[in-house]
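Below is one structure, written out as structure tokens; comments come after it.
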Amino acid sequence: MDTSFDRLPAIPLVVNDPYFSIWAPADLPTQVNTCHWSGARKPICGYLTVAGKRFQFLGKDGTKAAKVTSVRVMPTRTLFSVQAESVQLDVAFWSPTLPDDLDKLSTPITFVDYALSSTDGKEHDVTVELAVSDMLCFDGEQHPALVINEFSDDGLNICSVGQKQQKILCHSADRITIDWGYLYVASTQQVFHKGENTVCRWSTAAQQKPKSSYILLGYDDIASIYYFGVPCQAWFTRNGGTLLSALKEFSREHDSLWDACVKLDQRILRDAGSSGGPDYQFIVSAAWRQTFAAHKLIRTPDGSPVLLSKENDSCGCIGTADVSYPSVPIFLKYCPDLVNAMCAPIFRFASMPVWDYDFAPHDVGRYPYVAGQMYALRNMPVSGEVIPLIFQYPAGSDLYDPNMQMPLEECGNMIIMMEAAISFGAESSLTERYLPLLSKWADYLCRYGVDPKDQLCTDDFAGHLAHNANLSAKAMIAISLFRVTYSRIVWLNMLSG
């Protein structure tokens with residue numbers, strides 16, 4: 001086995017959030033064209049020209065492929081190397097998903113770093129190009145009218161591309177990509193728009209000592225999430241930050257951010273290695289990229305952070321409790337307060353009159369709309385339609401098919417997640433505020449969790465099941481943990497009272 005190649009179903013490249021997420025679904029970066037994580041075409045192509053001979057190091061469009069000599073996927077970085085003629089190009093796609101720096105984590109910017117060197121000791125004239133398709137800033141195959149701006153700012157050459165008619169938060173669906181906002185490509189090298197691509201070109205002489213350069217790929221989504229009636233932006237904008245200011249900041253901090261990512265990768269791999277060895281390190285690296293790519297961190301109107309997931313190939317629901325549940329181990333270990341940020345929208349919706357049930361909701365909408373549970377909705381909007389503002393409906397609206405709910409699953413998930421978050425160091429204020437809801441859900445588990453009746457669980461593809469032992473076990477664990485939660489909060493209130 002060649003240990004220089006990490007082989008995943010897809011190579012993570014641009015990994016920031018559910019809409020800015022580009023992968024190469026192959027073993028090698030030269031075997032396929034890149035696509036969005038939902039499968040939609042989003043080409044990013046890389047070319048290496050040595051002494052007039054052109055090779056492709058990313059994507060596949062008929063150009064002769066460079067020889068790929070290594071591929072390595074780590075939690076925050078994807079590294080691969082190619083050779084063409086007597087030149088080696090080392091490429092790094094990396095995103096500073098730093099759990100101790102929520103500003104950086106929430107900023108949709110990915111670096112593309114180059115290191116170029118001669119392998120025969122001679123000097124070679126080389127041009128490296130990255131071509132980023134306009135398709136990143138619209139949904140579907142039909143090219144809309146675009147506005148393109150090229151300018152320089154703070155030492156960076158920048159090109160932005162976006163639709164002339166901006167339809168902010170214009171759709172809601174599962175296998176869909178963003179259809180608003182602006183793509184940014186920035187570098188100290190030449191950046192220009194040509195045809196249907198933004199191109200970054202670096203011409204230099206490859207020598208034995210490596211030369212380096214980098215590109216920043218960013219996306220300004222203008223508004224990220226419709227949150228209970230208010231369009232909300234990513235967390236990093238809360239103090240007036242913009243994507244343009246972030247590009248300049250990231251460029252200035254390139255070296256320190258790289259060092260932070262290296263240290264984080266080392267820490268995560270060390271932790272994973274001590275638990276399960278090299279195979280587990282590989283699994284954790286892939287899981288880190290996939291987990292953070294599936295979430296968006298926003299600032300709500302009251303100034304608090306909310307972390308929202310998007311389902312793929314499963315309704316496109318947002319903030320799904322049984323999607324949050326299997327993802328929380330990463331957050332518990334490295335940033336437990338983000339578990340609170342994941343659960344807060346569920347609590348808020350469950351406190352509204354329209355949710356007049358004794359059990360926890362499954363989700364809070366369909367991405368990017370946080371407007372009320374979509375799962376089990378009797379009149380589900382078709383793909384692409386904006387969903388109804390369910391959170392505004394009164395009690396007794398009878399919107400949901402009771403046979404399509406997951407009552408035991410979600411009650412157990414919410415109680416377990418909240419107690420786990422506190423146990424790992426998260427603030428307890430959210431749990432204290434919603435203790436009556438948690439108590440109601442614990443009572444529900446006590447009444448119905450011993451021998452579950454016919455209902456769905458998170459494995460809904462298996463259909464309805466009665467006497468589900470997994471649900472019963474989850475109910476018992478959740479009830480036990482709620483007793484811990486309740487006792488802690490009562491004790492703390494006594495001490496503070």
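Chains: A, B, ... in order of the structure tokens. Residues: from 1 per chain. Ligands: from 1, in order shown.
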
Excluding A:Asp313 and its own-chain neighbours fewer than 5 positions away, which residues fall within 10 Å of it when counting only C-alpha atoms? Please give them as a tab-separated table (two decimals) with N, CA, C and O atoms, in the first residue's frame.
chain	number	residue	atom	x	y	z
A	38	SER	N	-23.08	18.52	-2.91
A	38	SER	CA	-24.33	17.88	-3.31
A	38	SER	C	-24.22	17.23	-4.68
A	38	SER	O	-25.16	16.59	-5.14
A	173	ALA	N	-34.11	24.10	-0.42
A	173	ALA	CA	-34.20	22.76	-1.00
A	173	ALA	C	-33.07	21.89	-0.47
A	173	ALA	O	-32.25	22.32	0.35
A	174	ASP	N	-33.02	20.67	-0.99
A	174	ASP	CA	-32.00	19.70	-0.58
A	174	ASP	C	-30.79	19.80	-1.50
A	174	ASP	O	-29.83	20.49	-1.20
A	175	ARG	N	-30.83	19.16	-2.66
A	175	ARG	CA	-29.68	19.15	-3.57
A	175	ARG	C	-29.67	20.43	-4.38
A	175	ARG	O	-30.06	20.45	-5.55

All residues 9 Å or closer to stretch 74-88 of chain A, only C-alpha atoms, same chain fewer than 4 positions away omitted, as a VMD selection string: chain A and resid 5 11 to 13 15 28 to 29 48 to 51 53 to 55 57 65 to 70 92 to 98 115 to 122 124 126 206 to 207 261 to 262 264 to 265 268 to 269 281 to 282 284 to 289

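Compared by their closest atoms to A:Leu399, and using only C-alpha atoms, the residues A:Asp356, A:Glu249, A:Glu150, A:Asp255 rank with A:Asp356 nearest.
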
Residue list (alpha helix (DSSP H), DSSP) for stretch 290-454 of chain A, as a PyMOL selection string: chain A and resi 290-293+321-334+337-350+407-423+429-433+435-448

Residues near A:His143, cut-off 12 Å, only C-alpha atoms, skip fewer than 5 positions along chain, as a PyMOL selection string: chain A and resi 133-138+162-164+179+195-197

Strand (DSSP E or B) positions in stretch 225-267 of chain A, given as a ChimeraX atom specification: /A:225-227,230-232,234

List every residue of stretch 407-452 of chain A that has an atom at most 8 Å from any atom of stretch 324-339 of chain A, giving for each one its closest atom pair and the distance in Å to one decimal, counting only C-alpha atoms, sorted by chain and then by ascending residue number, as JSON lines.
{"residue": "A:Asn413", "atom": "CA", "partner": "A:Tyr325", "partner_atom": "CA", "distance": 6.0}
{"residue": "A:Met414", "atom": "CA", "partner": "A:Tyr325", "partner_atom": "CA", "distance": 7.9}
{"residue": "A:Met417", "atom": "CA", "partner": "A:Tyr325", "partner_atom": "CA", "distance": 6.7}
{"residue": "A:Met418", "atom": "CA", "partner": "A:Val339", "partner_atom": "CA", "distance": 7.5}
{"residue": "A:Ala420", "atom": "CA", "partner": "A:Leu332", "partner_atom": "CA", "distance": 7.4}
{"residue": "A:Ala421", "atom": "CA", "partner": "A:Pro336", "partner_atom": "CA", "distance": 5.4}
{"residue": "A:Ile422", "atom": "CA", "partner": "A:Pro336", "partner_atom": "CA", "distance": 7.8}
{"residue": "A:Phe424", "atom": "CA", "partner": "A:Leu332", "partner_atom": "CA", "distance": 6.0}
{"residue": "A:Gly425", "atom": "CA", "partner": "A:Pro336", "partner_atom": "CA", "distance": 6.3}
{"residue": "A:Ala426", "atom": "CA", "partner": "A:Asp337", "partner_atom": "CA", "distance": 4.6}
{"residue": "A:Glu427", "atom": "CA", "partner": "A:Asp337", "partner_atom": "CA", "distance": 6.5}

N, CA and C atoms of the current selection, written as a compact mmCIF listing (two decimals), in the first residue's frame:
# COMPACT_ATOMS: atom_id res chain seq x y z
N ASN A 413 -32.15 12.84 22.21
CA ASN A 413 -31.02 13.57 21.65
C ASN A 413 -30.80 14.90 22.38
N MET A 414 -31.85 15.66 22.56
CA MET A 414 -31.71 16.99 23.16
C MET A 414 -31.24 16.92 24.60
N MET A 417 -27.52 15.73 24.64
CA MET A 417 -26.60 16.76 24.15
C MET A 417 -26.38 17.87 25.17
N MET A 418 -27.45 18.30 25.82
CA MET A 418 -27.31 19.42 26.75
C MET A 418 -26.51 19.03 27.99
N ALA A 420 -24.30 16.59 28.14
CA ALA A 420 -22.93 16.36 27.68
C ALA A 420 -22.18 17.67 27.52
N ALA A 421 -22.85 18.68 26.96
CA ALA A 421 -22.19 19.97 26.75
C ALA A 421 -21.73 20.56 28.09
N ILE A 422 -22.61 20.53 29.10
CA ILE A 422 -22.22 21.06 30.42
C ILE A 422 -21.08 20.24 31.00
N PHE A 424 -18.73 18.81 29.53
CA PHE A 424 -17.47 19.11 28.86
C PHE A 424 -17.08 20.58 28.98
N GLY A 425 -17.82 21.36 29.76
CA GLY A 425 -17.39 22.72 30.04
C GLY A 425 -18.20 23.83 29.43
N ALA A 426 -19.32 23.53 28.76
CA ALA A 426 -20.13 24.58 28.16
C ALA A 426 -20.88 25.36 29.24
N GLU A 427 -21.27 26.57 28.90
CA GLU A 427 -22.10 27.37 29.80
C GLU A 427 -23.43 26.65 30.07

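Restricting the calculation to only C-alpha atoms, the smallest distance between A:Lys211 and any of A:Val450, A:Leu377, A:Leu389, A:Val128 is found for A:Val128.
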
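Minimum atom-to-atom distances from A:Lys310, A:Lys194, A:Lys296, A:Lys104 to A:Ala260 were compared using only C-alpha atoms, and the lowest value belongs to A:Lys104.
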
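With atom CA of A:Tyr400 on one side and atom CA of A:Val364 on the other, the separation reads 13.3 Å.
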
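Ranking A:Tyr214, A:Tyr367, A:Tyr47, A:Phe359 by their shortest atom-to-atom distance to A:Glu409, with only C-alpha atoms included, puts A:Phe359 first.
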
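Residue nearest A:Lys453 within the list A:Lys440, A:Pro407, A:Asn239, A:Glu419: A:Pro407 [criterion: smallest interatomic distance, only C-alpha atoms].
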
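Distance annotation: of A:Lys474, A:Arg238, A:Arg72, A:Arg433, the residue with the minimal separation from A:Gly303 is A:Arg238; atom set is only C-alpha atoms.
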
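Interatomic distance, atom CA of A:Asn312 to atom CA of A:Asp17: 12.6 Å.
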
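Between atom CA of A:Tyr184 and atom CA of A:Cys170 the separation is 20.7 Å.
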
Shell of 10 Å around A:Ala246, only C-alpha atoms, local chain residues under 4 positions omitted, as an NGL selection string: :A and (103-104 or 107-109 or 218 or 236-237 or 241-242 or 250-252)

Selection from above, N, CA, C and O atoms, as a tab-separated table (two decimals), in the first residue's frame, can you write it?
chain	number	residue	atom	x	y	z
A	103	ASP	N	-14.49	33.64	14.93
A	103	ASP	CA	-14.46	34.57	13.79
A	103	ASP	C	-13.83	33.90	12.58
A	103	ASP	O	-14.37	33.97	11.46
A	104	LYS	N	-12.68	33.28	12.78
A	104	LYS	CA	-12.01	32.61	11.66
A	104	LYS	C	-12.83	31.41	11.18
A	104	LYS	O	-12.97	31.17	9.98
A	107	THR	N	-15.70	32.38	8.87
A	107	THR	CA	-15.42	33.18	7.67
A	107	THR	C	-15.25	32.26	6.46
A	107	THR	O	-14.38	31.39	6.46
A	108	PRO	N	-16.06	32.43	5.42
A	108	PRO	CA	-15.98	31.54	4.26
A	108	PRO	C	-14.82	31.89	3.33
A	108	PRO	O	-14.99	32.43	2.24
A	109	ILE	N	-13.61	31.59	3.81
A	109	ILE	CA	-12.39	31.81	3.02
A	109	ILE	C	-11.54	30.54	3.08
A	109	ILE	O	-11.33	29.97	4.15
A	218	GLY	N	-12.93	33.29	-1.52
A	218	GLY	CA	-13.92	33.67	-0.52
A	218	GLY	C	-15.29	33.81	-1.12
A	218	GLY	O	-15.44	33.96	-2.35
A	236	PHE	N	-18.76	36.13	11.80
A	236	PHE	CA	-17.59	37.02	11.72
A	236	PHE	C	-17.98	38.46	11.37
A	236	PHE	O	-17.18	39.37	11.55
A	237	THR	N	-19.19	38.69	10.91
A	237	THR	CA	-19.62	40.04	10.51
A	237	THR	C	-20.18	40.85	11.68
A	237	THR	O	-20.55	42.02	11.48
A	241	GLY	N	-17.59	43.42	10.26
A	241	GLY	CA	-16.68	42.78	9.31
A	241	GLY	C	-17.36	42.48	7.99
A	241	GLY	O	-18.56	42.21	7.93
A	242	THR	N	-16.58	42.54	6.93
A	242	THR	CA	-17.06	42.20	5.59
A	242	THR	C	-16.15	41.14	4.99
A	242	THR	O	-15.03	40.90	5.50
A	250	PHE	N	-7.02	37.99	6.46
A	250	PHE	CA	-6.48	36.64	6.30
A	250	PHE	C	-5.14	36.68	5.57
A	250	PHE	O	-4.23	35.91	5.91
A	251	SER	N	-5.02	37.55	4.57
A	251	SER	CA	-3.76	37.64	3.84
A	251	SER	C	-2.64	38.11	4.76
A	251	SER	O	-1.53	37.56	4.75
A	252	ARG	N	-2.92	39.13	5.56
A	252	ARG	CA	-1.90	39.63	6.49
A	252	ARG	C	-1.50	38.55	7.50
A	252	ARG	O	-0.35	38.49	7.94
